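Source file: work-v8.cif. Holds: mmCIF, N, CA and C atoms and all ligand atoms.
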data_target
#
loop_
_atom_site.label_atom_id
_atom_site.label_comp_id
_atom_site.auth_asym_id
_atom_site.auth_seq_id
_atom_site.Cartn_x
_atom_site.Cartn_y
_atom_site.Cartn_z
N MET A 979 29.60 41.80 -1.49
CA MET A 979 29.29 40.99 -2.65
C MET A 979 28.71 41.90 -3.73
N GLU A 980 29.19 41.76 -4.90
CA GLU A 980 28.71 42.56 -6.03
C GLU A 980 27.30 42.10 -6.41
N ARG A 981 26.50 43.02 -6.96
CA ARG A 981 25.12 42.70 -7.37
C ARG A 981 25.10 41.55 -8.38
N LYS A 982 25.99 41.60 -9.34
CA LYS A 982 26.06 40.57 -10.37
C LYS A 982 26.39 39.20 -9.77
N GLU A 983 27.31 39.24 -8.81
CA GLU A 983 27.72 38.00 -8.13
C GLU A 983 26.56 37.43 -7.31
N PHE A 984 25.82 38.34 -6.62
CA PHE A 984 24.68 37.92 -5.82
C PHE A 984 23.59 37.28 -6.70
N LEU A 985 23.26 37.95 -7.80
CA LEU A 985 22.21 37.43 -8.69
C LEU A 985 22.62 36.08 -9.29
N SER A 986 23.87 35.94 -9.59
CA SER A 986 24.35 34.68 -10.14
C SER A 986 24.20 33.55 -9.12
N LEU A 987 24.54 33.88 -7.86
CA LEU A 987 24.44 32.89 -6.79
C LEU A 987 22.99 32.50 -6.55
N VAL A 988 22.09 33.49 -6.48
CA VAL A 988 20.66 33.23 -6.26
C VAL A 988 20.09 32.43 -7.42
N GLY A 989 20.46 32.78 -8.62
CA GLY A 989 19.97 32.07 -9.80
C GLY A 989 20.38 30.61 -9.78
N LEU A 990 21.60 30.34 -9.38
CA LEU A 990 22.09 28.97 -9.30
C LEU A 990 21.36 28.20 -8.22
N SER A 991 21.12 28.84 -7.08
CA SER A 991 20.41 28.19 -5.99
C SER A 991 18.98 27.87 -6.39
N SER A 992 18.31 28.81 -7.05
CA SER A 992 16.94 28.58 -7.49
C SER A 992 16.86 27.44 -8.49
N ALA A 993 17.82 27.41 -9.41
CA ALA A 993 17.82 26.33 -10.40
C ALA A 993 18.07 24.99 -9.73
N SER A 994 18.95 24.96 -8.73
CA SER A 994 19.22 23.71 -8.01
C SER A 994 17.99 23.24 -7.25
N ALA A 995 17.30 24.20 -6.58
CA ALA A 995 16.10 23.84 -5.83
C ALA A 995 15.02 23.33 -6.77
N LEU A 996 14.83 23.98 -7.90
CA LEU A 996 13.83 23.55 -8.87
C LEU A 996 14.15 22.15 -9.40
N ALA A 997 15.43 21.91 -9.68
CA ALA A 997 15.84 20.60 -10.17
C ALA A 997 15.57 19.53 -9.12
N ALA A 998 15.84 19.84 -7.85
CA ALA A 998 15.62 18.86 -6.78
C ALA A 998 14.14 18.54 -6.65
N VAL A 999 13.29 19.55 -6.72
CA VAL A 999 11.84 19.33 -6.63
C VAL A 999 11.36 18.50 -7.80
N CYS A 1000 11.83 18.83 -8.98
CA CYS A 1000 11.40 18.12 -10.19
C CYS A 1000 11.87 16.66 -10.16
N MET A 1001 13.08 16.42 -9.66
CA MET A 1001 13.59 15.06 -9.58
C MET A 1001 12.69 14.21 -8.71
N GLY A 1002 12.16 14.82 -7.65
CA GLY A 1002 11.31 14.06 -6.73
C GLY A 1002 9.92 13.85 -7.25
N SER A 1003 9.37 14.84 -7.93
CA SER A 1003 7.97 14.73 -8.32
C SER A 1003 7.75 14.48 -9.80
N CYS A 1004 8.75 14.73 -10.61
CA CYS A 1004 8.56 14.56 -12.04
C CYS A 1004 8.92 13.17 -12.52
N SER A 1005 9.74 12.46 -11.74
CA SER A 1005 10.14 11.13 -12.19
C SER A 1005 9.02 10.14 -11.93
N LYS A 1006 8.97 9.12 -12.75
CA LYS A 1006 7.94 8.10 -12.60
C LYS A 1006 8.52 6.91 -11.87
N SER A 1007 7.77 6.40 -10.94
CA SER A 1007 8.17 5.18 -10.26
C SER A 1007 7.69 3.99 -11.08
N THR A 1008 8.51 2.97 -11.17
CA THR A 1008 8.08 1.78 -11.88
C THR A 1008 7.49 0.75 -10.92
N GLU A 1009 7.46 1.10 -9.62
CA GLU A 1009 6.95 0.18 -8.63
C GLU A 1009 5.44 0.28 -8.55
N ASN A 1010 4.77 -0.83 -8.70
CA ASN A 1010 3.33 -0.91 -8.60
C ASN A 1010 2.61 0.07 -9.52
N THR A 1011 3.14 0.31 -10.69
CA THR A 1011 2.42 1.15 -11.62
C THR A 1011 1.25 0.37 -12.17
N THR A 1012 0.22 1.09 -12.51
CA THR A 1012 -0.96 0.42 -13.02
C THR A 1012 -1.47 1.10 -14.27
N THR A 1013 -2.05 0.32 -15.09
CA THR A 1013 -2.82 0.86 -16.19
C THR A 1013 -4.25 0.82 -15.70
N PRO A 1014 -4.98 1.93 -15.83
CA PRO A 1014 -6.34 1.93 -15.31
C PRO A 1014 -7.11 0.69 -15.76
N GLY A 1015 -7.73 0.04 -14.81
CA GLY A 1015 -8.53 -1.14 -15.10
C GLY A 1015 -7.73 -2.43 -15.16
N GLN A 1016 -6.40 -2.34 -15.06
CA GLN A 1016 -5.58 -3.55 -15.13
C GLN A 1016 -4.98 -3.84 -13.76
N PRO A 1017 -5.10 -5.08 -13.29
CA PRO A 1017 -4.50 -5.43 -12.00
C PRO A 1017 -2.99 -5.49 -12.10
N THR A 1018 -2.32 -5.26 -10.99
CA THR A 1018 -0.88 -5.37 -10.94
C THR A 1018 -0.49 -6.71 -10.34
N GLN A 1019 0.74 -7.06 -10.47
CA GLN A 1019 1.25 -8.28 -9.86
C GLN A 1019 2.40 -7.86 -8.94
N PRO A 1020 2.09 -7.32 -7.74
CA PRO A 1020 3.15 -6.85 -6.84
C PRO A 1020 4.07 -8.00 -6.43
N THR A 1021 5.26 -7.62 -6.07
CA THR A 1021 6.24 -8.58 -5.63
C THR A 1021 5.81 -9.21 -4.32
N THR A 1022 5.96 -10.51 -4.20
CA THR A 1022 5.66 -11.20 -2.95
C THR A 1022 6.96 -11.82 -2.44
N PRO A 1023 7.06 -12.01 -1.14
CA PRO A 1023 8.29 -12.56 -0.57
C PRO A 1023 8.61 -13.96 -1.10
N THR A 1024 9.88 -14.18 -1.36
CA THR A 1024 10.35 -15.52 -1.78
C THR A 1024 11.49 -15.93 -0.85
N ASN A 1025 11.87 -17.18 -0.92
CA ASN A 1025 12.94 -17.73 -0.06
C ASN A 1025 12.70 -17.38 1.42
N VAL A 1026 11.49 -17.61 1.85
CA VAL A 1026 11.09 -17.26 3.21
C VAL A 1026 11.49 -18.37 4.18
N ASN A 1027 12.03 -17.97 5.31
CA ASN A 1027 12.34 -18.90 6.40
C ASN A 1027 12.29 -18.09 7.70
N ILE A 1028 11.11 -18.03 8.29
CA ILE A 1028 10.87 -17.20 9.46
C ILE A 1028 10.39 -18.10 10.59
N THR A 1029 10.91 -17.90 11.79
CA THR A 1029 10.43 -18.63 12.95
C THR A 1029 9.88 -17.64 13.95
N LEU A 1030 8.64 -17.88 14.38
CA LEU A 1030 7.98 -17.02 15.35
C LEU A 1030 7.86 -17.77 16.67
N ASP A 1031 8.23 -17.11 17.75
CA ASP A 1031 8.05 -17.66 19.09
C ASP A 1031 6.66 -17.22 19.56
N LEU A 1032 5.76 -18.17 19.66
CA LEU A 1032 4.38 -17.83 19.98
C LEU A 1032 4.19 -17.38 21.43
N THR A 1033 5.23 -17.50 22.26
CA THR A 1033 5.13 -17.01 23.64
C THR A 1033 5.48 -15.52 23.73
N GLN A 1034 6.00 -14.95 22.65
CA GLN A 1034 6.37 -13.53 22.64
C GLN A 1034 5.13 -12.65 22.53
N ALA A 1035 5.15 -11.52 23.21
CA ALA A 1035 4.00 -10.61 23.20
C ALA A 1035 3.63 -10.15 21.79
N ALA A 1036 4.63 -9.96 20.95
CA ALA A 1036 4.38 -9.49 19.58
C ALA A 1036 3.54 -10.49 18.78
N ASN A 1037 3.53 -11.74 19.21
CA ASN A 1037 2.80 -12.79 18.49
C ASN A 1037 1.56 -13.24 19.25
N ALA A 1038 1.16 -12.49 20.26
CA ALA A 1038 0.05 -12.89 21.13
C ALA A 1038 -1.25 -13.08 20.37
N SER A 1039 -1.45 -12.33 19.30
CA SER A 1039 -2.71 -12.47 18.53
C SER A 1039 -2.87 -13.86 17.95
N LEU A 1040 -1.75 -14.57 17.79
CA LEU A 1040 -1.84 -15.91 17.21
C LEU A 1040 -2.28 -16.96 18.23
N ALA A 1041 -2.50 -16.55 19.45
CA ALA A 1041 -3.02 -17.49 20.45
C ALA A 1041 -4.53 -17.64 20.32
N THR A 1042 -5.17 -16.69 19.68
CA THR A 1042 -6.63 -16.68 19.57
C THR A 1042 -7.07 -17.09 18.16
N PRO A 1043 -7.98 -18.06 18.04
CA PRO A 1043 -8.50 -18.39 16.72
C PRO A 1043 -9.09 -17.15 16.05
N GLY A 1044 -8.69 -16.91 14.82
CA GLY A 1044 -9.13 -15.71 14.10
C GLY A 1044 -8.13 -14.57 14.22
N GLY A 1045 -7.14 -14.71 15.10
CA GLY A 1045 -6.14 -13.67 15.26
C GLY A 1045 -5.09 -13.74 14.17
N TYR A 1046 -4.43 -12.63 13.96
CA TYR A 1046 -3.37 -12.61 12.94
C TYR A 1046 -2.34 -11.54 13.26
N ILE A 1047 -1.18 -11.71 12.65
CA ILE A 1047 -0.09 -10.73 12.75
C ILE A 1047 0.54 -10.57 11.36
N TYR A 1048 1.35 -9.54 11.24
CA TYR A 1048 2.17 -9.36 10.05
C TYR A 1048 3.62 -9.59 10.44
N THR A 1049 4.33 -10.28 9.59
CA THR A 1049 5.77 -10.39 9.76
C THR A 1049 6.38 -10.11 8.40
N GLY A 1050 7.05 -8.99 8.29
CA GLY A 1050 7.52 -8.56 6.98
C GLY A 1050 6.34 -8.38 6.05
N ALA A 1051 6.41 -8.95 4.87
CA ALA A 1051 5.33 -8.82 3.88
C ALA A 1051 4.39 -10.03 3.91
N ILE A 1052 4.36 -10.72 5.05
CA ILE A 1052 3.52 -11.92 5.20
C ILE A 1052 2.51 -11.70 6.31
N ILE A 1053 1.31 -12.21 6.10
CA ILE A 1053 0.29 -12.21 7.14
C ILE A 1053 0.15 -13.66 7.63
N VAL A 1054 0.21 -13.81 8.94
CA VAL A 1054 0.10 -15.13 9.56
C VAL A 1054 -1.17 -15.11 10.41
N ALA A 1055 -1.99 -16.13 10.26
CA ALA A 1055 -3.26 -16.16 10.98
C ALA A 1055 -3.48 -17.52 11.61
N LYS A 1056 -4.29 -17.50 12.67
CA LYS A 1056 -4.74 -18.75 13.29
C LYS A 1056 -6.20 -18.92 12.92
N THR A 1057 -6.50 -20.02 12.28
CA THR A 1057 -7.87 -20.25 11.83
C THR A 1057 -8.77 -20.58 13.01
N ILE A 1058 -10.07 -20.58 12.75
CA ILE A 1058 -11.05 -20.93 13.77
C ILE A 1058 -10.81 -22.36 14.26
N SER A 1059 -10.35 -23.23 13.35
CA SER A 1059 -10.10 -24.62 13.74
C SER A 1059 -8.76 -24.79 14.44
N GLY A 1060 -7.96 -23.70 14.53
CA GLY A 1060 -6.73 -23.77 15.30
C GLY A 1060 -5.45 -24.00 14.52
N SER A 1061 -5.55 -24.12 13.21
CA SER A 1061 -4.32 -24.30 12.42
C SER A 1061 -3.75 -22.93 12.05
N TYR A 1062 -2.51 -22.93 11.63
CA TYR A 1062 -1.87 -21.68 11.25
C TYR A 1062 -1.74 -21.60 9.73
N ILE A 1063 -1.97 -20.41 9.20
CA ILE A 1063 -1.83 -20.19 7.77
C ILE A 1063 -1.02 -18.92 7.55
N ALA A 1064 -0.28 -18.91 6.46
CA ALA A 1064 0.53 -17.73 6.13
C ALA A 1064 0.47 -17.49 4.63
N VAL A 1065 0.18 -16.26 4.26
CA VAL A 1065 0.14 -15.87 2.85
C VAL A 1065 0.77 -14.48 2.72
N SER A 1066 1.04 -14.10 1.49
CA SER A 1066 1.55 -12.75 1.24
C SER A 1066 0.48 -11.75 1.68
N LYS A 1067 0.91 -10.68 2.34
CA LYS A 1067 -0.05 -9.66 2.78
C LYS A 1067 -0.34 -8.64 1.68
N VAL A 1068 0.31 -8.82 0.53
CA VAL A 1068 0.21 -7.85 -0.57
C VAL A 1068 -0.94 -8.24 -1.49
N CYS A 1069 -1.98 -7.43 -1.49
CA CYS A 1069 -3.13 -7.70 -2.36
C CYS A 1069 -2.66 -7.74 -3.81
N THR A 1070 -3.14 -8.71 -4.56
CA THR A 1070 -2.72 -8.87 -5.94
C THR A 1070 -3.43 -7.90 -6.88
N HIS A 1071 -4.29 -7.06 -6.33
CA HIS A 1071 -4.93 -6.04 -7.16
C HIS A 1071 -4.00 -4.85 -7.30
N GLN A 1072 -3.85 -4.07 -6.24
CA GLN A 1072 -2.99 -2.89 -6.31
C GLN A 1072 -2.04 -2.79 -5.14
N GLY A 1073 -1.84 -3.92 -4.46
CA GLY A 1073 -0.78 -3.97 -3.46
C GLY A 1073 -1.13 -3.52 -2.06
N SER A 1074 -2.40 -3.31 -1.76
CA SER A 1074 -2.77 -2.91 -0.40
C SER A 1074 -2.54 -4.07 0.56
N THR A 1075 -2.51 -3.76 1.83
CA THR A 1075 -2.30 -4.78 2.85
C THR A 1075 -3.62 -5.45 3.20
N ILE A 1076 -3.63 -6.77 3.09
CA ILE A 1076 -4.85 -7.51 3.37
C ILE A 1076 -4.98 -7.79 4.87
N GLU A 1077 -6.19 -8.17 5.26
CA GLU A 1077 -6.49 -8.52 6.65
C GLU A 1077 -7.03 -9.95 6.67
N TYR A 1078 -7.06 -10.53 7.85
CA TYR A 1078 -7.69 -11.85 7.99
C TYR A 1078 -8.99 -11.70 8.75
N GLN A 1079 -10.04 -12.27 8.21
CA GLN A 1079 -11.34 -12.25 8.87
C GLN A 1079 -11.65 -13.66 9.32
N GLY A 1080 -11.31 -13.92 10.58
CA GLY A 1080 -11.42 -15.27 11.11
C GLY A 1080 -12.83 -15.84 11.06
N THR A 1081 -13.82 -15.03 11.42
CA THR A 1081 -15.19 -15.56 11.44
C THR A 1081 -15.67 -15.92 10.05
N ASN A 1082 -15.16 -15.25 9.02
CA ASN A 1082 -15.53 -15.56 7.64
C ASN A 1082 -14.52 -16.51 6.98
N GLN A 1083 -13.47 -16.83 7.73
CA GLN A 1083 -12.42 -17.73 7.25
C GLN A 1083 -11.90 -17.30 5.88
N ARG A 1084 -11.50 -16.03 5.80
CA ARG A 1084 -11.00 -15.52 4.53
C ARG A 1084 -10.05 -14.35 4.77
N PHE A 1085 -9.27 -14.05 3.74
CA PHE A 1085 -8.47 -12.83 3.73
C PHE A 1085 -9.25 -11.78 2.95
N TYR A 1086 -9.12 -10.54 3.40
CA TYR A 1086 -9.93 -9.47 2.82
C TYR A 1086 -9.07 -8.23 2.60
N CYS A 1087 -9.24 -7.59 1.46
CA CYS A 1087 -8.54 -6.35 1.19
C CYS A 1087 -9.50 -5.18 1.41
N PRO A 1088 -9.21 -4.32 2.36
CA PRO A 1088 -10.14 -3.21 2.66
C PRO A 1088 -10.13 -2.12 1.59
N ASN A 1089 -9.18 -2.16 0.68
CA ASN A 1089 -9.08 -1.07 -0.31
C ASN A 1089 -10.21 -1.14 -1.33
N HIS A 1090 -10.37 -2.28 -2.01
CA HIS A 1090 -11.43 -2.41 -3.01
C HIS A 1090 -12.27 -3.66 -2.78
N GLY A 1091 -12.06 -4.34 -1.67
CA GLY A 1091 -12.94 -5.44 -1.30
C GLY A 1091 -12.61 -6.80 -1.85
N ALA A 1092 -11.41 -7.03 -2.33
CA ALA A 1092 -11.06 -8.36 -2.82
C ALA A 1092 -11.08 -9.36 -1.66
N THR A 1093 -11.54 -10.56 -1.94
CA THR A 1093 -11.54 -11.60 -0.92
C THR A 1093 -10.79 -12.82 -1.43
N PHE A 1094 -10.12 -13.47 -0.49
CA PHE A 1094 -9.32 -14.65 -0.79
C PHE A 1094 -9.65 -15.70 0.27
N SER A 1095 -9.60 -16.95 -0.12
CA SER A 1095 -9.87 -18.03 0.84
C SER A 1095 -8.75 -18.08 1.88
N ASP A 1096 -8.94 -18.92 2.87
CA ASP A 1096 -7.89 -19.02 3.90
C ASP A 1096 -6.68 -19.81 3.42
N THR A 1097 -6.67 -20.19 2.15
CA THR A 1097 -5.44 -20.70 1.54
C THR A 1097 -4.85 -19.66 0.58
N GLY A 1098 -5.50 -18.51 0.48
CA GLY A 1098 -5.01 -17.44 -0.39
C GLY A 1098 -5.62 -17.45 -1.78
N ALA A 1099 -6.50 -18.42 -2.06
CA ALA A 1099 -7.10 -18.50 -3.40
C ALA A 1099 -8.06 -17.33 -3.62
N PHE A 1100 -8.00 -16.75 -4.79
CA PHE A 1100 -8.88 -15.64 -5.12
C PHE A 1100 -10.34 -16.09 -5.13
N ILE A 1101 -11.21 -15.31 -4.48
CA ILE A 1101 -12.64 -15.61 -4.45
C ILE A 1101 -13.41 -14.57 -5.26
N ALA A 1102 -13.22 -13.30 -4.90
CA ALA A 1102 -13.97 -12.23 -5.56
C ALA A 1102 -13.20 -10.93 -5.42
N GLY A 1103 -13.45 -10.00 -6.34
CA GLY A 1103 -12.77 -8.72 -6.26
C GLY A 1103 -13.11 -7.83 -7.43
N PRO A 1104 -12.43 -6.71 -7.52
CA PRO A 1104 -12.73 -5.74 -8.57
C PRO A 1104 -12.33 -6.23 -9.96
N ASP A 1105 -11.43 -7.19 -10.04
CA ASP A 1105 -11.00 -7.78 -11.30
C ASP A 1105 -10.79 -9.26 -11.03
N SER A 1106 -10.45 -10.00 -12.05
CA SER A 1106 -10.04 -11.38 -11.85
C SER A 1106 -8.58 -11.34 -11.42
N LEU A 1107 -8.33 -11.63 -10.16
CA LEU A 1107 -7.01 -11.43 -9.58
C LEU A 1107 -6.27 -12.74 -9.38
N ALA A 1108 -4.96 -12.63 -9.29
CA ALA A 1108 -4.14 -13.78 -8.92
C ALA A 1108 -4.38 -14.09 -7.44
N SER A 1109 -4.14 -15.31 -7.08
CA SER A 1109 -4.26 -15.72 -5.67
C SER A 1109 -3.08 -15.17 -4.89
N LEU A 1110 -3.21 -15.15 -3.57
CA LEU A 1110 -2.12 -14.74 -2.69
C LEU A 1110 -1.13 -15.90 -2.58
N LYS A 1111 0.14 -15.60 -2.55
CA LYS A 1111 1.14 -16.66 -2.39
C LYS A 1111 1.01 -17.24 -0.99
N GLN A 1112 0.91 -18.55 -0.92
CA GLN A 1112 0.79 -19.23 0.36
C GLN A 1112 2.15 -19.78 0.78
N TYR A 1113 2.40 -19.76 2.08
CA TYR A 1113 3.64 -20.28 2.64
C TYR A 1113 3.33 -21.47 3.54
N LYS A 1114 4.31 -22.31 3.71
CA LYS A 1114 4.16 -23.50 4.54
C LYS A 1114 4.35 -23.11 6.00
N THR A 1115 3.50 -23.60 6.87
CA THR A 1115 3.66 -23.34 8.30
C THR A 1115 3.89 -24.67 9.02
N THR A 1116 4.82 -24.65 9.96
CA THR A 1116 5.14 -25.84 10.75
C THR A 1116 5.22 -25.44 12.21
N LEU A 1117 4.43 -26.09 13.04
CA LEU A 1117 4.44 -25.79 14.46
C LEU A 1117 5.22 -26.86 15.22
N SER A 1118 6.18 -26.40 16.02
CA SER A 1118 6.95 -27.30 16.86
C SER A 1118 7.01 -26.68 18.25
N GLY A 1119 6.23 -27.22 19.16
CA GLY A 1119 6.12 -26.61 20.48
C GLY A 1119 5.48 -25.23 20.35
N ASN A 1120 6.19 -24.22 20.82
CA ASN A 1120 5.70 -22.85 20.70
C ASN A 1120 6.34 -22.10 19.54
N MET A 1121 7.07 -22.82 18.71
CA MET A 1121 7.77 -22.18 17.60
C MET A 1121 7.04 -22.48 16.29
N LEU A 1122 6.65 -21.43 15.62
CA LEU A 1122 5.96 -21.54 14.33
C LEU A 1122 6.92 -21.12 13.23
N THR A 1123 7.21 -22.04 12.32
CA THR A 1123 8.13 -21.73 11.23
C THR A 1123 7.33 -21.55 9.95
N ILE A 1124 7.70 -20.53 9.21
CA ILE A 1124 7.05 -20.19 7.95
C ILE A 1124 8.11 -20.27 6.87
N THR A 1125 7.85 -21.08 5.85
CA THR A 1125 8.85 -21.27 4.79
C THR A 1125 8.16 -21.24 3.43
N SER A 1126 8.99 -21.01 2.42
CA SER A 1126 8.47 -21.07 1.03
C SER A 1126 9.27 -22.09 0.26
S1 LIG B 1201 -5.85 -3.20 -3.66
FE1 LIG B 1201 -7.72 -3.30 -4.74
S2 LIG B 1201 -8.74 -5.01 -3.85
FE2 LIG B 1201 -6.84 -4.92 -2.84
#

Could you take the file, read its structure, and then write that structure out as structure tokens?
Ligand code: FES
Amino acid sequence: MERKEFLSLVGLSSASALAAVCMGSCSKSTENTTTPGQPTQPTTPTNVNITLDLTQAANASLATPGGYIYTGAIIVAKTISGSYIAVSKVCTHQGSTIEYQGTNQRFYCPNHGATFSDTGAFIAGPDSLASLKQYKTTLSGNMLTITS
């Protein structure tokens, strides 16, 4: 290989590598972008129709009052009183995954401390936030259906 040919090949490879790196790190994502101090409105699941078999091991946490699971972008919990509730697991602040705190009967975001009632209504947080989208739950035998 001639020196000129080699340098041309190396130069092209370096430019390609630099372009690939820049494409990955220089482009801006429009997903969950925030303006400092402004809450985001992350996408929440719509047209939901999910059925959970409560006898399955993956859903075992729902046998215990205060227990919860995630199914897709939804958090499903069993309240202390024994009813089932389902809301979007996406915090309306900056999109972190919320948890259910059964003893406090609320949803909680560990990222900045937002709290939501067990119906998903906003209680307190770093900003005035939108409530969590709530889904309808229907229990039939051991089958729990979640719909929107
Ligand atoms: S992401 Fe900030 S409170 Fe949830």

For ligand LIG 1201 (chain B), which residue out of A:Ser1126, A:Thr1081, A:Ser1074, A:Asn1027 is the nearest one, using all atoms listed in the file?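 Ranked by minimum distance to ligand LIG 1201 (chain B), first place goes to A:Ser1074.
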
Can you work out which residues are within 5 Å of ligand LIG 1201 (chain B), considering only N, CA and C atoms and all ligand atoms, and then hand them over as a PDB file with N, CA and C atoms, keeping the file's coordinate frame?
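Produced file pocket.pdb, reproduced below:
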ATOM      1  N   CYS A1069      -1.980  -7.430  -1.490  1.00  0.00           N
ATOM      2  CA  CYS A1069      -3.130  -7.700  -2.360  1.00  0.00           C
ATOM      3  C   CYS A1069      -2.660  -7.740  -3.810  1.00  0.00           C
ATOM      4  N   HIS A1071      -4.290  -7.060  -6.330  1.00  0.00           N
ATOM      5  CA  HIS A1071      -4.930  -6.040  -7.160  1.00  0.00           C
ATOM      6  C   HIS A1071      -4.000  -4.850  -7.300  1.00  0.00           C
ATOM      7  N   GLN A1072      -3.850  -4.070  -6.240  1.00  0.00           N
ATOM      8  CA  GLN A1072      -2.990  -2.890  -6.310  1.00  0.00           C
ATOM      9  C   GLN A1072      -2.040  -2.790  -5.140  1.00  0.00           C
ATOM     10  N   GLY A1073      -1.840  -3.920  -4.460  1.00  0.00           N
ATOM     11  CA  GLY A1073      -0.780  -3.970  -3.460  1.00  0.00           C
ATOM     12  C   GLY A1073      -1.130  -3.520  -2.060  1.00  0.00           C
ATOM     13  N   SER A1074      -2.400  -3.310  -1.760  1.00  0.00           N
ATOM     14  CA  SER A1074      -2.770  -2.910  -0.400  1.00  0.00           C
ATOM     15  C   SER A1074      -2.540  -4.070   0.560  1.00  0.00           C
ATOM     16  N   CYS A1087      -9.240  -7.590   1.460  1.00  0.00           N
ATOM     17  CA  CYS A1087      -8.540  -6.350   1.190  1.00  0.00           C
ATOM     18  C   CYS A1087      -9.500  -5.180   1.410  1.00  0.00           C
ATOM     19  N   ASN A1089      -9.180  -2.160   0.680  1.00  0.00           N
ATOM     20  CA  ASN A1089      -9.080  -1.070  -0.310  1.00  0.00           C
ATOM     21  C   ASN A1089     -10.210  -1.140  -1.330  1.00  0.00           C
ATOM     22  N   HIS A1090     -10.370  -2.280  -2.010  1.00  0.00           N
ATOM     23  CA  HIS A1090     -11.430  -2.410  -3.010  1.00  0.00           C
ATOM     24  C   HIS A1090     -12.270  -3.660  -2.780  1.00  0.00           C
ATOM     25  N   GLY A1091     -12.060  -4.340  -1.670  1.00  0.00           N
ATOM     26  CA  GLY A1091     -12.940  -5.440  -1.300  1.00  0.00           C
ATOM     27  C   GLY A1091     -12.610  -6.800  -1.850  1.00  0.00           C
ATOM     28  N   ALA A1092     -11.410  -7.030  -2.330  1.00  0.00           N
ATOM     29  CA  ALA A1092     -11.060  -8.360  -2.820  1.00  0.00           C
ATOM     30  C   ALA A1092     -11.080  -9.360  -1.660  1.00  0.00           C
TER      31      ALA A1092
END

Measuring atom to atom with only N, CA and C atoms, identify which of A:Ile1028, A:Leu1040, A:Val1054, A:Val1065 is nearest to Tyr1113 of chain A.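 Selected residue with least distance to Tyr1113 of chain A: A:Val1065.
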
Nearest to Gly1050 of chain A among A:Ala1035, A:Thr1115, A:Val1026, A:Tyr1062, with distances taken over only C-alpha atoms: which residue is it?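 Of the candidates, the smallest distance to Gly1050 of chain A is held by A:Val1026.
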
Computed gap from atom CA of Ala1064 of chain A to atom CA of Ser1106 of chain A is 21.8 Å

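Going from atom C of Ile1076 of chain A over to atom CA of Ile1058 of chain A, you cover 17.0 Å.
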
When you count only C-alpha atoms, which of these residues is closest to Gln1079 of chain A: A:Gly1119, A:Leu1032, A:Phe1094, A:Ala1099?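 Looking at the shortest contact to Gln1079 of chain A, the residue is A:Phe1094.
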
Go through A:Leu1107, A:Val1068, A:Ile1124, A:Ala1055 and flag the residue nearest Asn1037 of chain A, using only C-alpha atoms for the distances.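 Comparing A:Leu1107, A:Val1068, A:Ile1124, A:Ala1055 against Asn1037 of chain A, the winner is A:Ala1055.
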
Identify, on the basis of only C-alpha atoms, every residue whose closest approach to Leu1122 of chain A does not exceed 7 Å; exclude the query and any residue fewer than 3 positions from it along the same chain; express the result as a list in words.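 These residues fall inside the cut-off: Thr1029, Leu1030, Asp1031, Leu1032, Thr1115, Thr1116, Leu1117 and Ser1118 of chain A.
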
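Using all atoms listed in the file, the nearest neighbour of Thr1125 of chain A within the list A:Ala1051, A:Ser1059, A:Thr1033, A:Thr1024 is A:Thr1024.
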
Point (-2.1, -18.6, -2.5) neighbourhood (7 Å, all atoms listed in the file) written as a list in words: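 Collected hits near the coordinates: Val1065, Ser1066, Thr1097, Gly1098, Ala1099, Phe1100, Ser1109, Leu1110, Lys1111, Gln1112 and Tyr1113 of chain A.
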
The distance between atom N of Ser1095 of chain A and atom CA of Gly1044 of chain A is 14.3 Å
